[in-house]
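For reference, the structure is listed below as structure tokens.
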2 protein chains.
Amino acid sequence: MSKKQGRQTIVFASPPLVSSWASFVGPKEGQGPWGEDFDQVLDDYLFDEQTWEKAESKMLREVVKQAISKRYYQPSEIELLISGDLLNQIVSANYAARELSIPFLGMYGACSTMAESMLTAAMAVDGGFFSRVVASVSSHHYTAERQFRTPIEQGVQKSATSQWTATAAGAVLLEAAPGGNPRITSATVGQVIDMGQSDAANMGSAMAPAAVKTIKAHFDDLNRSPDYYDLIVTGDLGKVGMALAQELFIKEGLLPQPNYSDCGVLLYNDRQDVNAGGSGCGSSAAMLCGPLLKKMSEGKINKLLLVATGALMSPTTSFQGETIPSIAHAVALENI
Amino acid sequence: MSKKQGRQTIVFASPPLVSSWASFVGPKEGQGPWGEDFDQVLDDYLFDEQTWEKAESKMLREVVKQAISKRYYQPSEIELLISGDLLNQIVSANYAARELSIPFLGMYGACSTMAESMLTAAMAVDGGFFSRVVASVSSHHYTAERQFRTPIEQGVQKSATSQWTATAAGAVLLEAAPGGNPRITSATVGQVIDMGQSDAANMGSAMAPAAVKTIKAHFDDLNRSPDYYDLIVTGDLGKVGMALAQELFIKEGLLPQPNYSDCGVLLYNDRQDVNAGGSGCGSSAAMLCGPLLKKMSEGKINKLLLVATGALMSPTTSFQGETIPSIAHAVALENI
């Protein structure tokens, strides 16, 4: 029997167990509303390394080690690592994989990479190919600023629609196991959507249509209504993108739900000067692998839909006048 | 029963059919020994676009369309596109996916991306998740030079160990189908290997140890000897890397085989001024989706092991003094 339902959604016959998880965040994220829910809050942005890039890669490597150590595994006992990040050539993931020596598949989905990696990992486990797979991502405020924007030292004024790239990393360990919770029960693979927005300082509104389209596809494909979930969280639309998403929900006939929020909005508090909110693939990964999975393990959330969103442009394509293509992938986590 | 054998290799229970394929190459590649075996040889490097980057993305989009049109499919009938390229934020793939509107997973494995995408696509099909999946990649000489090296206009002298990034794209369509050949029968997921080489103008020798390690893992995991295959091709080690790989084969107890070659060596002839040979993820993709799959369809090759290799550094990590981590993934194609 096909595991695909509708055009974009796959349903796992033996839902992979999320057997452990871990999250690391930077100092600013640690000062936000969820500081106590992360495994580690870094003291500074260098994490005892010489460069921000090496610090990001170390954060990714250490969060993977922390996730697997909670199940008393060594890296050599993990069969597959699926990982990515925002940097050119996903070097944070590549160098982390070098140190971990786990068979490795690198992914790039911008800020959607956590959901993309998790759904690929879930296929690898449910398909019977691998029985212990880690999905993980990272982002780092200063590596992203250096690469995508202007030098930090320039102190450029940020626009109100811009988002703050989170310094954060998250990892989940998926296992083929008969008992336990939570589990990845289904996933919806996104399509690239581009509504013609070209302002890289307003990525939330570029990504909102992709998020809404994937959420609608998820509900249509599974013949499910939004109240099926205790919580639906988008990845990092921020305040501007989230408000637009809520408008688009109405347009698409999905009534605004009290059970909807956004990781980029949740991650910081209002006094933290992050303009429209958080972004970066670490944003949704850390929210998932910190507070949200903790709430699932406590039974306070039993059905969660994570919809991580990514803006797929590069500085080069922006210079060449291209608009911003976006994508969103949805992963359903359930206590069953 | 587990589909994994040994540490790194998966065996497909219902080997996905490679039901069609296509390849596009640039003018220089068309003048090489295999010009007549590619579906299209571009007249120039711009492909009626304004920039090399847009030309590369168009090449990737068109090669996907050509592959699926051979089976009389529309893009809307393809269930999943798995694709990547060498550019920052894999923009060639992202913009191609935007135009194709196929549910999309972006991968980054540098020049190993074709094998990485194919093995992920094969998991998606054999696992029962999707029944028609395209795996595709591209590279473009001038986009790669612009991004990774020095401006073309500077006319920098190349070293003898350097490789020429191929302007090339390839796509395969995998289907769950009872009859037909060739099929993807098994795959070996690579680990990141770094022997401490830091010369980005000698990537072949940086990648050779990764290729040999994956080939050895493939044979060990499956308890197979190299003469099982009619042809074993590495992705793009070039002449320098291939010579080193042949040394390492002896060291690892894999005797040098007459059935071994390298796509970066094969793609050009000796008069084409490409120094140590071709590189770029299009190199192995075009060789596979041009001459090699043609020979499989003619029964001249019945068992092929494609071992695509990738150098996973970035210009930023090279500036920061890092060495070059490398990876190789192997995909076995067989007429069965």
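Following the order of the structure tokens, first chain is A, next is B, and so on, with residues numbered from 1 inside each chain and ligands from 1 in the order they appear.
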Could you pull the residues within 8 Å of region 103-120 of chain A, counting only C-alpha atoms, minus those fewer than 3 positions along the same chain, as a VMD selection string? (chain A and resid 79 to 86 90 93 to 94 97 123 to 124 135 to 137 172 187 189 235 to 236 279 to 282 284 to 285 306 to 312 327 to 331) or (chain B and resid 8 89 to 90 105 to 109 116 189 to 192)
Neighbours of region 51-64 of chain B within 7 Å (only C-alpha atoms; same-chain residues fewer than 5 positions away dropped), as number ranges by chain? B: 22-24, 45-46, 92-93, 95-96, 136-140, 142-143, 169-171
Please dump the current selection as a CSV table (one decimal), in the first residue's frame; keep C-alpha atoms.
chain,number,residue,atom,x,y,z
B,22,ALA,CA,18.8,13.1,-19.7
B,23,SER,CA,22.0,15.1,-19.9
B,24,PHE,CA,22.9,18.6,-21.0
B,45,TYR,CA,27.4,29.4,-21.7
B,46,LEU,CA,24.5,31.8,-21.3
B,92,SER,CA,20.3,26.6,-9.4
B,93,ALA,CA,18.2,23.8,-7.9
B,95,TYR,CA,15.0,28.3,-8.9
B,96,ALA,CA,14.6,25.2,-11.1
B,136,SER,CA,19.2,15.8,-10.7
B,137,VAL,CA,22.2,18.1,-10.4
B,138,SER,CA,24.1,20.8,-12.3
B,139,SER,CA,27.3,22.6,-12.4
B,140,HIS,CA,28.6,25.5,-14.6
B,142,TYR,CA,31.7,30.2,-15.0
B,143,THR,CA,29.3,30.2,-12.0
B,169,ALA,CA,23.6,18.7,-15.9
B,170,GLY,CA,22.0,15.3,-15.5
B,171,ALA,CA,18.7,13.9,-14.3
Name all residues at most 7 Å from Gly238 (chain A) (count only C-alpha atoms; drop same-chain ones fewer than 5 positions away) and give them as a count of residues only. 8
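Those residues that approach Ser159 (chain B) to within 10 Å, counting only C-alpha atoms, are Val156, Ser162, Gln163, Ala201, Asn202, Asn275 and Ala276 of chain B; same-chain residues fewer than 3 positions away are not listed.
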Would you mind exporting N, CA, C and O atoms of the selected residues as a PDB file, in the first residue's frame?
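The resulting file, out.pdb, is reproduced below:
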ATOM      1  N   VAL B 156      43.796  34.077 -14.322  1.00  0.00           N
ATOM      2  CA  VAL B 156      44.793  33.462 -13.440  1.00  0.00           C
ATOM      3  C   VAL B 156      45.281  32.141 -14.028  1.00  0.00           C
ATOM      4  O   VAL B 156      44.499  31.348 -14.535  1.00  0.00           O
ATOM      5  N   SER B 162      44.887  21.324 -10.839  1.00  0.00           N
ATOM      6  CA  SER B 162      43.526  21.864 -10.759  1.00  0.00           C
ATOM      7  C   SER B 162      42.622  21.160 -11.761  1.00  0.00           C
ATOM      8  O   SER B 162      43.074  20.546 -12.724  1.00  0.00           O
ATOM      9  N   GLN B 163      41.324  21.250 -11.513  1.00  0.00           N
ATOM     10  CA  GLN B 163      40.350  20.605 -12.391  1.00  0.00           C
ATOM     11  C   GLN B 163      39.398  21.659 -12.960  1.00  0.00           C
ATOM     12  O   GLN B 163      39.216  22.727 -12.390  1.00  0.00           O
ATOM     13  N   ALA B 201      43.315  23.765  -5.032  1.00  0.00           N
ATOM     14  CA  ALA B 201      43.645  23.539  -6.435  1.00  0.00           C
ATOM     15  C   ALA B 201      44.098  22.088  -6.671  1.00  0.00           C
ATOM     16  O   ALA B 201      44.625  21.761  -7.724  1.00  0.00           O
ATOM     17  N   ASN B 202      43.863  21.251  -5.681  1.00  0.00           N
ATOM     18  CA  ASN B 202      44.192  19.824  -5.840  1.00  0.00           C
ATOM     19  C   ASN B 202      43.128  19.001  -5.122  1.00  0.00           C
ATOM     20  O   ASN B 202      43.421  18.244  -4.195  1.00  0.00           O
ATOM     21  N   ASN B 275      43.774  20.700 -17.490  1.00  0.00           N
ATOM     22  CA  ASN B 275      44.714  20.301 -16.443  1.00  0.00           C
ATOM     23  C   ASN B 275      44.439  18.866 -15.988  1.00  0.00           C
ATOM     24  O   ASN B 275      44.470  17.975 -16.809  1.00  0.00           O
ATOM     25  N   ALA B 276      44.109  18.671 -14.706  1.00  0.00           N
ATOM     26  CA  ALA B 276      43.978  17.288 -14.217  1.00  0.00           C
ATOM     27  C   ALA B 276      42.658  16.631 -14.594  1.00  0.00           C
ATOM     28  O   ALA B 276      42.447  15.458 -14.287  1.00  0.00           O
TER      29      ALA B 276
END
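Omitting Gly241 (chain A) and its sequence neighbours fewer than 2 positions away, and counting only C-alpha atoms, the residues within 7 Å are Gly204, Ser205, Ala208, Leu237, Gly238, Lys239, Ala243, Leu244 and Ala245 of chain A.
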Restricted to C-alpha atoms, what would the selected residues look like written as a tab-separated table (two decimals), in the first residue's frame?
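Writing done, so here's again26.tsv:
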chain	number	residue	atom	x	y	z
A	204	GLY	CA	8.80	36.43	6.79
A	205	SER	CA	6.32	37.77	4.26
A	208	ALA	CA	4.31	33.00	4.62
A	237	LEU	CA	7.97	33.73	9.85
A	238	GLY	CA	8.39	36.28	12.63
A	239	LYS	CA	5.68	38.79	13.51
A	243	ALA	CA	0.36	38.12	10.57
A	244	LEU	CA	0.36	37.56	6.80
A	245	ALA	CA	0.02	33.80	7.31
